[in-house]
$ cat structure_29.cif   # mmCIF, N, CA and C atoms
data_upload
#
loop_
_atom_site.group_PDB
_atom_site.id
_atom_site.type_symbol
_atom_site.label_atom_id
_atom_site.label_comp_id
_atom_site.auth_asym_id
_atom_site.auth_seq_id
_atom_site.Cartn_x
_atom_site.Cartn_y
_atom_site.Cartn_z
ATOM 1 N N MET I 1 0.856 -1.173 0.000
ATOM 2 C CA MET I 1 0.000 0.000 0.000
ATOM 3 C C MET I 1 0.900 1.234 0.000
ATOM 4 N N SER I 2 0.538 2.203 -0.819
ATOM 5 C CA SER I 2 1.373 3.400 -0.922
ATOM 6 C C SER I 2 1.221 4.281 0.308
ATOM 7 N N LYS I 3 2.236 5.100 0.538
ATOM 8 C CA LYS I 3 2.222 6.014 1.693
ATOM 9 C C LYS I 3 1.049 6.982 1.603
ATOM 10 N N SER I 4 0.763 7.486 0.406
ATOM 11 C CA SER I 4 -0.334 8.448 0.274
ATOM 12 C C SER I 4 -1.684 7.785 0.551
ATOM 13 N N LEU I 5 -1.825 6.540 0.155
ATOM 14 C CA LEU I 5 -3.062 5.815 0.430
ATOM 15 C C LEU I 5 -3.203 5.551 1.927
ATOM 16 N N GLU I 6 -2.102 5.168 2.571
ATOM 17 C CA GLU I 6 -2.124 4.953 4.012
ATOM 18 C C GLU I 6 -2.459 6.249 4.761
ATOM 19 N N ALA I 7 -1.893 7.347 4.287
ATOM 20 C CA ALA I 7 -2.169 8.648 4.907
ATOM 21 C C ALA I 7 -3.644 9.013 4.741
ATOM 22 N N ARG I 8 -4.188 8.752 3.554
ATOM 23 C CA ARG I 8 -5.605 9.062 3.300
ATOM 24 C C ARG I 8 -6.509 8.203 4.172
ATOM 25 N N ILE I 9 -6.172 6.950 4.334
ATOM 26 C CA ILE I 9 -6.962 6.063 5.199
ATOM 27 C C ILE I 9 -6.934 6.578 6.631
ATOM 28 N N SER I 10 -5.774 7.007 7.087
ATOM 29 C CA SER I 10 -5.666 7.568 8.441
ATOM 30 C C SER I 10 -6.521 8.817 8.586
ATOM 31 N N GLU I 11 -6.494 9.690 7.578
ATOM 32 C CA GLU I 11 -7.330 10.901 7.597
ATOM 33 C C GLU I 11 -8.808 10.537 7.691
ATOM 34 N N LEU I 12 -9.229 9.585 6.876
ATOM 35 C CA LEU I 12 -10.635 9.183 6.864
ATOM 36 C C LEU I 12 -11.047 8.529 8.183
ATOM 37 N N GLU I 13 -10.160 7.752 8.766
ATOM 38 C CA GLU I 13 -10.464 7.145 10.062
ATOM 39 C C GLU I 13 -10.628 8.218 11.137
ATOM 40 N N ALA I 14 -9.785 9.252 11.100
ATOM 41 C CA ALA I 14 -9.899 10.361 12.053
ATOM 42 C C ALA I 14 -11.213 11.113 11.834
ATOM 43 N N GLU I 15 -11.582 11.342 10.575
ATOM 44 C CA GLU I 15 -12.852 12.001 10.269
ATOM 45 C C GLU I 15 -14.029 11.175 10.782
ATOM 46 N N LEU I 16 -13.938 9.867 10.628
ATOM 47 C CA LEU I 16 -15.004 8.983 11.090
ATOM 48 C C LEU I 16 -15.185 9.094 12.599
ATOM 49 N N VAL I 17 -14.082 9.125 13.333
ATOM 50 C CA VAL I 17 -14.158 9.265 14.788
ATOM 51 C C VAL I 17 -14.843 10.588 15.149
ATOM 52 N N GLU I 18 -14.470 11.659 14.459
ATOM 53 C CA GLU I 18 -15.070 12.972 14.730
ATOM 54 C C GLU I 18 -16.555 12.983 14.390
ATOM 55 N N GLU I 19 -16.906 12.438 13.245
ATOM 56 C CA GLU I 19 -18.317 12.398 12.842
ATOM 57 C C GLU I 19 -19.143 11.539 13.790
ATOM 58 N N ARG I 20 -18.613 10.406 14.192
ATOM 59 C CA ARG I 20 -19.332 9.529 15.112
ATOM 60 C C ARG I 20 -19.543 10.226 16.453
ATOM 61 N N SER I 21 -18.547 10.971 16.904
ATOM 62 C CA SER I 21 -18.668 11.707 18.161
ATOM 63 C C SER I 21 -19.800 12.733 18.064
ATOM 64 N N GLY I 22 -19.838 13.469 16.955
ATOM 65 C CA GLY I 22 -20.909 14.452 16.744
ATOM 66 C C GLY I 22 -22.274 13.788 16.682
ATOM 67 N N PHE I 23 -22.344 12.663 15.984
ATOM 68 C CA PHE I 23 -23.605 11.928 15.894
ATOM 69 C C PHE I 23 -24.064 11.471 17.269
ATOM 70 N N ASP I 24 -23.125 10.927 18.060
ATOM 71 C CA ASP I 24 -23.480 10.425 19.393
ATOM 72 C C ASP I 24 -23.993 11.534 20.301
ATOM 73 N N ILE I 25 -23.371 12.709 20.235
ATOM 74 C CA ILE I 25 -23.836 13.854 21.037
ATOM 75 C C ILE I 25 -25.246 14.229 20.631
ATOM 76 N N ARG I 26 -25.491 14.322 19.328
ATOM 77 C CA ARG I 26 -26.819 14.674 18.824
ATOM 78 C C ARG I 26 -27.847 13.615 19.214
ATOM 79 N N TRP I 27 -27.484 12.339 19.096
ATOM 80 C CA TRP I 27 -28.390 11.243 19.424
ATOM 81 C C TRP I 27 -28.813 11.313 20.891
ATOM 82 N N ARG I 28 -27.838 11.514 21.790
ATOM 83 C CA ARG I 28 -28.161 11.582 23.220
ATOM 84 C C ARG I 28 -29.054 12.781 23.528
ATOM 85 N N ALA I 29 -28.792 13.917 22.893
ATOM 86 C CA ALA I 29 -29.635 15.101 23.101
ATOM 87 C C ALA I 29 -31.055 14.835 22.598
ATOM 88 N N ASP I 30 -31.175 14.231 21.428
ATOM 89 C CA ASP I 30 -32.498 13.889 20.897
ATOM 90 C C ASP I 30 -33.240 12.934 21.828
ATOM 91 N N MET I 31 -32.541 11.942 22.339
ATOM 92 C CA MET I 31 -33.184 10.970 23.224
ATOM 93 C C MET I 31 -33.658 11.625 24.524
ATOM 94 N N ARG I 32 -32.880 12.566 25.070
ATOM 95 C CA ARG I 32 -33.325 13.287 26.276
ATOM 96 C C ARG I 32 -34.582 14.088 25.969
ATOM 97 N N ALA I 33 -34.594 14.760 24.822
ATOM 98 C CA ALA I 33 -35.759 15.562 24.446
ATOM 99 C C ALA I 33 -36.978 14.676 24.211
ATOM 100 N N ILE I 34 -36.793 13.555 23.554
ATOM 101 C CA ILE I 34 -37.910 12.636 23.302
ATOM 102 C C ILE I 34 -38.440 12.082 24.617
ATOM 103 N N ASP I 35 -37.544 11.741 25.546
ATOM 104 C CA ASP I 35 -37.991 11.261 26.863
ATOM 105 C C ASP I 35 -38.840 12.306 27.564
ATOM 106 N N LEU I 36 -38.429 13.569 27.517
ATOM 107 C CA LEU I 36 -39.215 14.656 28.122
ATOM 108 C C LEU I 36 -40.579 14.782 27.448
ATOM 109 N N TRP I 37 -40.580 14.741 26.115
ATOM 110 C CA TRP I 37 -41.822 14.871 25.346
ATOM 111 C C TRP I 37 -42.772 13.726 25.682
ATOM 112 N N GLN I 38 -42.235 12.501 25.727
ATOM 113 C CA GLN I 38 -43.076 11.347 26.042
ATOM 114 C C GLN I 38 -43.667 11.459 27.445
ATOM 115 N N ALA I 39 -42.869 11.880 28.402
ATOM 116 C CA ALA I 39 -43.353 12.007 29.780
ATOM 117 C C ALA I 39 -44.439 13.076 29.886
ATOM 118 N N GLU I 40 -44.262 14.179 29.182
ATOM 119 C CA GLU I 40 -45.234 15.269 29.280
ATOM 120 C C GLU I 40 -46.517 14.988 28.502
ATOM 121 N N THR I 41 -46.402 14.296 27.373
ATOM 122 C CA THR I 41 -47.585 14.045 26.544
ATOM 123 C C THR I 41 -48.268 12.721 26.867
ATOM 124 N N GLY I 42 -47.550 11.829 27.547
ATOM 125 C CA GLY I 42 -48.094 10.506 27.820
ATOM 126 C C GLY I 42 -47.994 9.559 26.633
ATOM 127 N N GLU I 43 -47.391 10.014 25.551
ATOM 128 C CA GLU I 43 -47.234 9.199 24.331
ATOM 129 C C GLU I 43 -45.948 8.379 24.427
ATOM 130 N N THR I 44 -45.936 7.394 25.323
ATOM 131 C CA THR I 44 -44.706 6.661 25.598
ATOM 132 C C THR I 44 -44.278 5.693 24.499
ATOM 133 N N GLN I 45 -45.170 5.368 23.588
ATOM 134 C CA GLN I 45 -44.851 4.438 22.503
ATOM 135 C C GLN I 45 -44.637 5.163 21.177
ATOM 136 N N LYS I 46 -44.472 6.485 21.233
ATOM 137 C CA LYS I 46 -44.411 7.276 20.018
ATOM 138 C C LYS I 46 -43.219 8.227 20.082
ATOM 139 N N TRP I 47 -42.609 8.487 18.935
ATOM 140 C CA TRP I 47 -41.573 9.513 18.813
ATOM 141 C C TRP I 47 -42.153 10.647 17.983
ATOM 142 N N PRO I 48 -41.943 11.882 18.412
ATOM 143 C CA PRO I 48 -42.461 13.002 17.626
ATOM 144 C C PRO I 48 -41.594 13.252 16.392
ATOM 145 N N ASP I 49 -42.195 13.883 15.404
ATOM 146 C CA ASP I 49 -41.448 14.378 14.260
ATOM 147 C C ASP I 49 -40.403 15.363 14.791
ATOM 148 N N HIS I 50 -39.221 15.406 14.185
ATOM 149 C CA HIS I 50 -38.147 16.247 14.704
ATOM 150 C C HIS I 50 -38.542 17.730 14.732
ATOM 151 N N ALA I 51 -39.191 18.204 13.690
ATOM 152 C CA ALA I 51 -39.615 19.607 13.663
ATOM 153 C C ALA I 51 -40.629 19.879 14.779
ATOM 154 N N ASP I 52 -41.577 18.972 14.977
ATOM 155 C CA ASP I 52 -42.555 19.126 16.056
ATOM 156 C C ASP I 52 -41.873 19.112 17.421
ATOM 157 N N LEU I 53 -40.865 18.272 17.564
ATOM 158 C CA LEU I 53 -40.124 18.203 18.820
ATOM 159 C C LEU I 53 -39.404 19.526 19.088
ATOM 160 N N CYS I 54 -38.793 20.093 18.056
ATOM 161 C CA CYS I 54 -38.106 21.387 18.217
ATOM 162 C C CYS I 54 -39.083 22.486 18.604
ATOM 163 N N VAL I 55 -40.237 22.528 17.972
ATOM 164 C CA VAL I 55 -41.250 23.531 18.311
ATOM 165 C C VAL I 55 -41.713 23.332 19.750
ATOM 166 N N TRP I 56 -41.950 22.099 20.144
ATOM 167 C CA TRP I 56 -42.378 21.808 21.516
ATOM 168 C C TRP I 56 -41.319 22.260 22.516
ATOM 169 N N LEU I 57 -40.051 21.972 22.230
ATOM 170 C CA LEU I 57 -38.969 22.388 23.122
ATOM 171 C C LEU I 57 -38.865 23.911 23.210
ATOM 172 N N MET I 58 -39.022 24.594 22.080
ATOM 173 C CA MET I 58 -38.941 26.059 22.084
ATOM 174 C C MET I 58 -40.100 26.663 22.878
ATOM 175 N N LYS I 59 -41.294 26.113 22.745
ATOM 176 C CA LYS I 59 -42.434 26.590 23.532
ATOM 177 C C LYS I 59 -42.190 26.360 25.018
ATOM 178 N N ARG I 60 -41.619 25.214 25.341
ATOM 179 C CA ARG I 60 -41.313 24.897 26.743
ATOM 180 C C ARG I 60 -40.277 25.879 27.296
ATOM 181 N N LEU I 61 -39.272 26.206 26.505
ATOM 182 C CA LEU I 61 -38.263 27.169 26.913
ATOM 183 C C LEU I 61 -38.883 28.551 27.102
ATOM 184 N N ASP I 62 -39.734 28.960 26.164
ATOM 185 C CA ASP I 62 -40.424 30.251 26.301
ATOM 186 C C ASP I 62 -41.221 30.306 27.597
ATOM 187 N N ALA I 63 -41.927 29.233 27.913
ATOM 188 C CA ALA I 63 -42.728 29.198 29.135
ATOM 189 C C ALA I 63 -41.833 29.317 30.368
ATOM 190 N N LEU I 64 -40.694 28.661 30.333
ATOM 191 C CA LEU I 64 -39.771 28.753 31.473
ATOM 192 C C LEU I 64 -39.198 30.155 31.620
ATOM 193 N N GLU I 65 -38.889 30.779 30.484
ATOM 194 C CA GLU I 65 -38.289 32.117 30.523
ATOM 195 C C GLU I 65 -39.292 33.182 30.973
ATOM 196 N N THR I 66 -40.567 32.961 30.725
ATOM 197 C CA THR I 66 -41.569 33.968 31.088
ATOM 198 C C THR I 66 -42.228 33.704 32.424
ATOM 199 N N SER I 67 -41.969 32.540 33.016
ATOM 200 C CA SER I 67 -42.583 32.243 34.300
ATOM 201 C C SER I 67 -41.806 32.952 35.422
ATOM 202 N N PRO I 68 -42.525 33.350 36.470
ATOM 203 C CA PRO I 68 -41.829 34.010 37.579
ATOM 204 C C PRO I 68 -40.872 33.037 38.265
ATOM 205 N N VAL I 69 -39.769 33.579 38.720
ATOM 206 C CA VAL I 69 -38.761 32.766 39.411
ATOM 207 C C VAL I 69 -39.205 32.535 40.836
ATOM 208 N N LYS I 70 -39.196 31.274 41.260
ATOM 209 C CA LYS I 70 -39.561 30.942 42.628
ATOM 210 C C LYS I 70 -38.291 30.784 43.438
ATOM 211 N N THR I 71 -38.241 31.450 44.577
ATOM 212 C CA THR I 71 -37.051 31.346 45.429
ATOM 213 C C THR I 71 -37.386 30.711 46.751
#

$ encode --input "structure_29.cif" --output "C-alpha coordinates"
Amino acid sequence: MSKSLEARISELEAELVEERSGFDIRWRADMRAIDLWQAETGETQKWPDHADLCVWLMKRLDALETSPVKT
(Lines of atoms letter the chains of each structure in order from A and count residues from 1; the text may use other names and numbers.)
(Lines give C-alpha, C1' and ligand atoms only; values in the text may rest on other atoms or scores of the structure.)
Protein backbone atom coordinates (compact mmCIF):
# COMPACT_ATOMS: atom_id res chain seq x y z
CA MET A 1 0.00 0.00 0.00
CA SER A 2 1.37 3.40 -0.92
CA LYS A 3 2.22 6.01 1.69
CA SER A 4 -0.33 8.45 0.27
CA LEU A 5 -3.06 5.82 0.43
CA GLU A 6 -2.12 4.95 4.01
CA ALA A 7 -2.17 8.65 4.91
CA ARG A 8 -5.61 9.06 3.30
CA ILE A 9 -6.96 6.06 5.20
CA SER A 10 -5.67 7.57 8.44
CA GLU A 11 -7.33 10.90 7.60
CA LEU A 12 -10.64 9.18 6.86
CA GLU A 13 -10.46 7.14 10.06
CA ALA A 14 -9.90 10.36 12.05
CA GLU A 15 -12.85 12.00 10.27
CA LEU A 16 -15.00 8.98 11.09
CA VAL A 17 -14.16 9.26 14.79
CA GLU A 18 -15.07 12.97 14.73
CA GLU A 19 -18.32 12.40 12.84
CA ARG A 20 -19.33 9.53 15.11
CA SER A 21 -18.67 11.71 18.16
CA GLY A 22 -20.91 14.45 16.74
CA PHE A 23 -23.61 11.93 15.89
CA ASP A 24 -23.48 10.43 19.39
CA ILE A 25 -23.84 13.85 21.04
CA ARG A 26 -26.82 14.67 18.82
CA TRP A 27 -28.39 11.24 19.42
CA ARG A 28 -28.16 11.58 23.22
CA ALA A 29 -29.63 15.10 23.10
CA ASP A 30 -32.50 13.89 20.90
CA MET A 31 -33.18 10.97 23.22
CA ARG A 32 -33.33 13.29 26.28
CA ALA A 33 -35.76 15.56 24.45
CA ILE A 34 -37.91 12.64 23.30
CA ASP A 35 -37.99 11.26 26.86
CA LEU A 36 -39.21 14.66 28.12
CA TRP A 37 -41.82 14.87 25.35
CA GLN A 38 -43.08 11.35 26.04
CA ALA A 39 -43.35 12.01 29.78
CA GLU A 40 -45.23 15.27 29.28
CA THR A 41 -47.58 14.04 26.54
CA GLY A 42 -48.09 10.51 27.82
CA GLU A 43 -47.23 9.20 24.33
CA THR A 44 -44.71 6.66 25.60
CA GLN A 45 -44.85 4.44 22.50
CA LYS A 46 -44.41 7.28 20.02
CA TRP A 47 -41.57 9.51 18.81
CA PRO A 48 -42.46 13.00 17.63
CA ASP A 49 -41.45 14.38 14.26
CA HIS A 50 -38.15 16.25 14.70
CA ALA A 51 -39.62 19.61 13.66
CA ASP A 52 -42.56 19.13 16.06
CA LEU A 53 -40.12 18.20 18.82
CA CYS A 54 -38.11 21.39 18.22
CA VAL A 55 -41.25 23.53 18.31
CA TRP A 56 -42.38 21.81 21.52
CA LEU A 57 -38.97 22.39 23.12
CA MET A 58 -38.94 26.06 22.08
CA LYS A 59 -42.43 26.59 23.53
CA ARG A 60 -41.31 24.90 26.74
CA LEU A 61 -38.26 27.17 26.91
CA ASP A 62 -40.42 30.25 26.30
CA ALA A 63 -42.73 29.20 29.13
CA LEU A 64 -39.77 28.75 31.47
CA GLU A 65 -38.29 32.12 30.52
CA THR A 66 -41.57 33.97 31.09
CA SER A 67 -42.58 32.24 34.30
CA PRO A 68 -41.83 34.01 37.58
CA VAL A 69 -38.76 32.77 39.41
CA LYS A 70 -39.56 30.94 42.63
CA THR A 71 -37.05 31.35 45.43

$ closest_atom_pairs --input "structure_29.cif" --of "segment 12-38 of chain I" --to "segment 51-63 of chain I" --cutoff "8 Å" --atoms "all atoms listed in the file" --output "CSV"
residue,atom,partner,partner_atom,distance
I:Ala33,C,I:Leu53,CA,7.2
I:Ile34,N,I:Leu53,CA,7.4
I:Trp37,CA,I:Leu53,CA,7.5

$ axis_aligned_box --input "structure_29.cif" --around "segment 30-45 of chain I" --padding-each-side "8 Å" --output "lines of an AutoDock Vina configuration file"
center_x = -39.7
center_y = 10.0
center_z = 25.4
size_x = 33.1
size_y = 27.1
size_z = 25.0

$ atom_distance --input "structure_29.cif" --atom1 "atom N of Phe23 of chain I" --atom2 "atom C of Glu11 of chain I"
16.0 Å

$ atom_distance --input "structure_29.cif" --atom1 "atom C of Asp35 of chain I" --atom2 "atom N of Val17 of chain I"
28.7 Å

$ select_by_dssp --input "structure_29.cif" --residues "chain I" --states "helix (DSSP H, G or I)" --output "number ranges by chain"
I: 3-41, 50-66

$ atom_distance --input "structure_29.cif" --atom1 "atom CA of Arg8 of chain I" --atom2 "atom CA of Asp24 of chain I"
24.1 Å
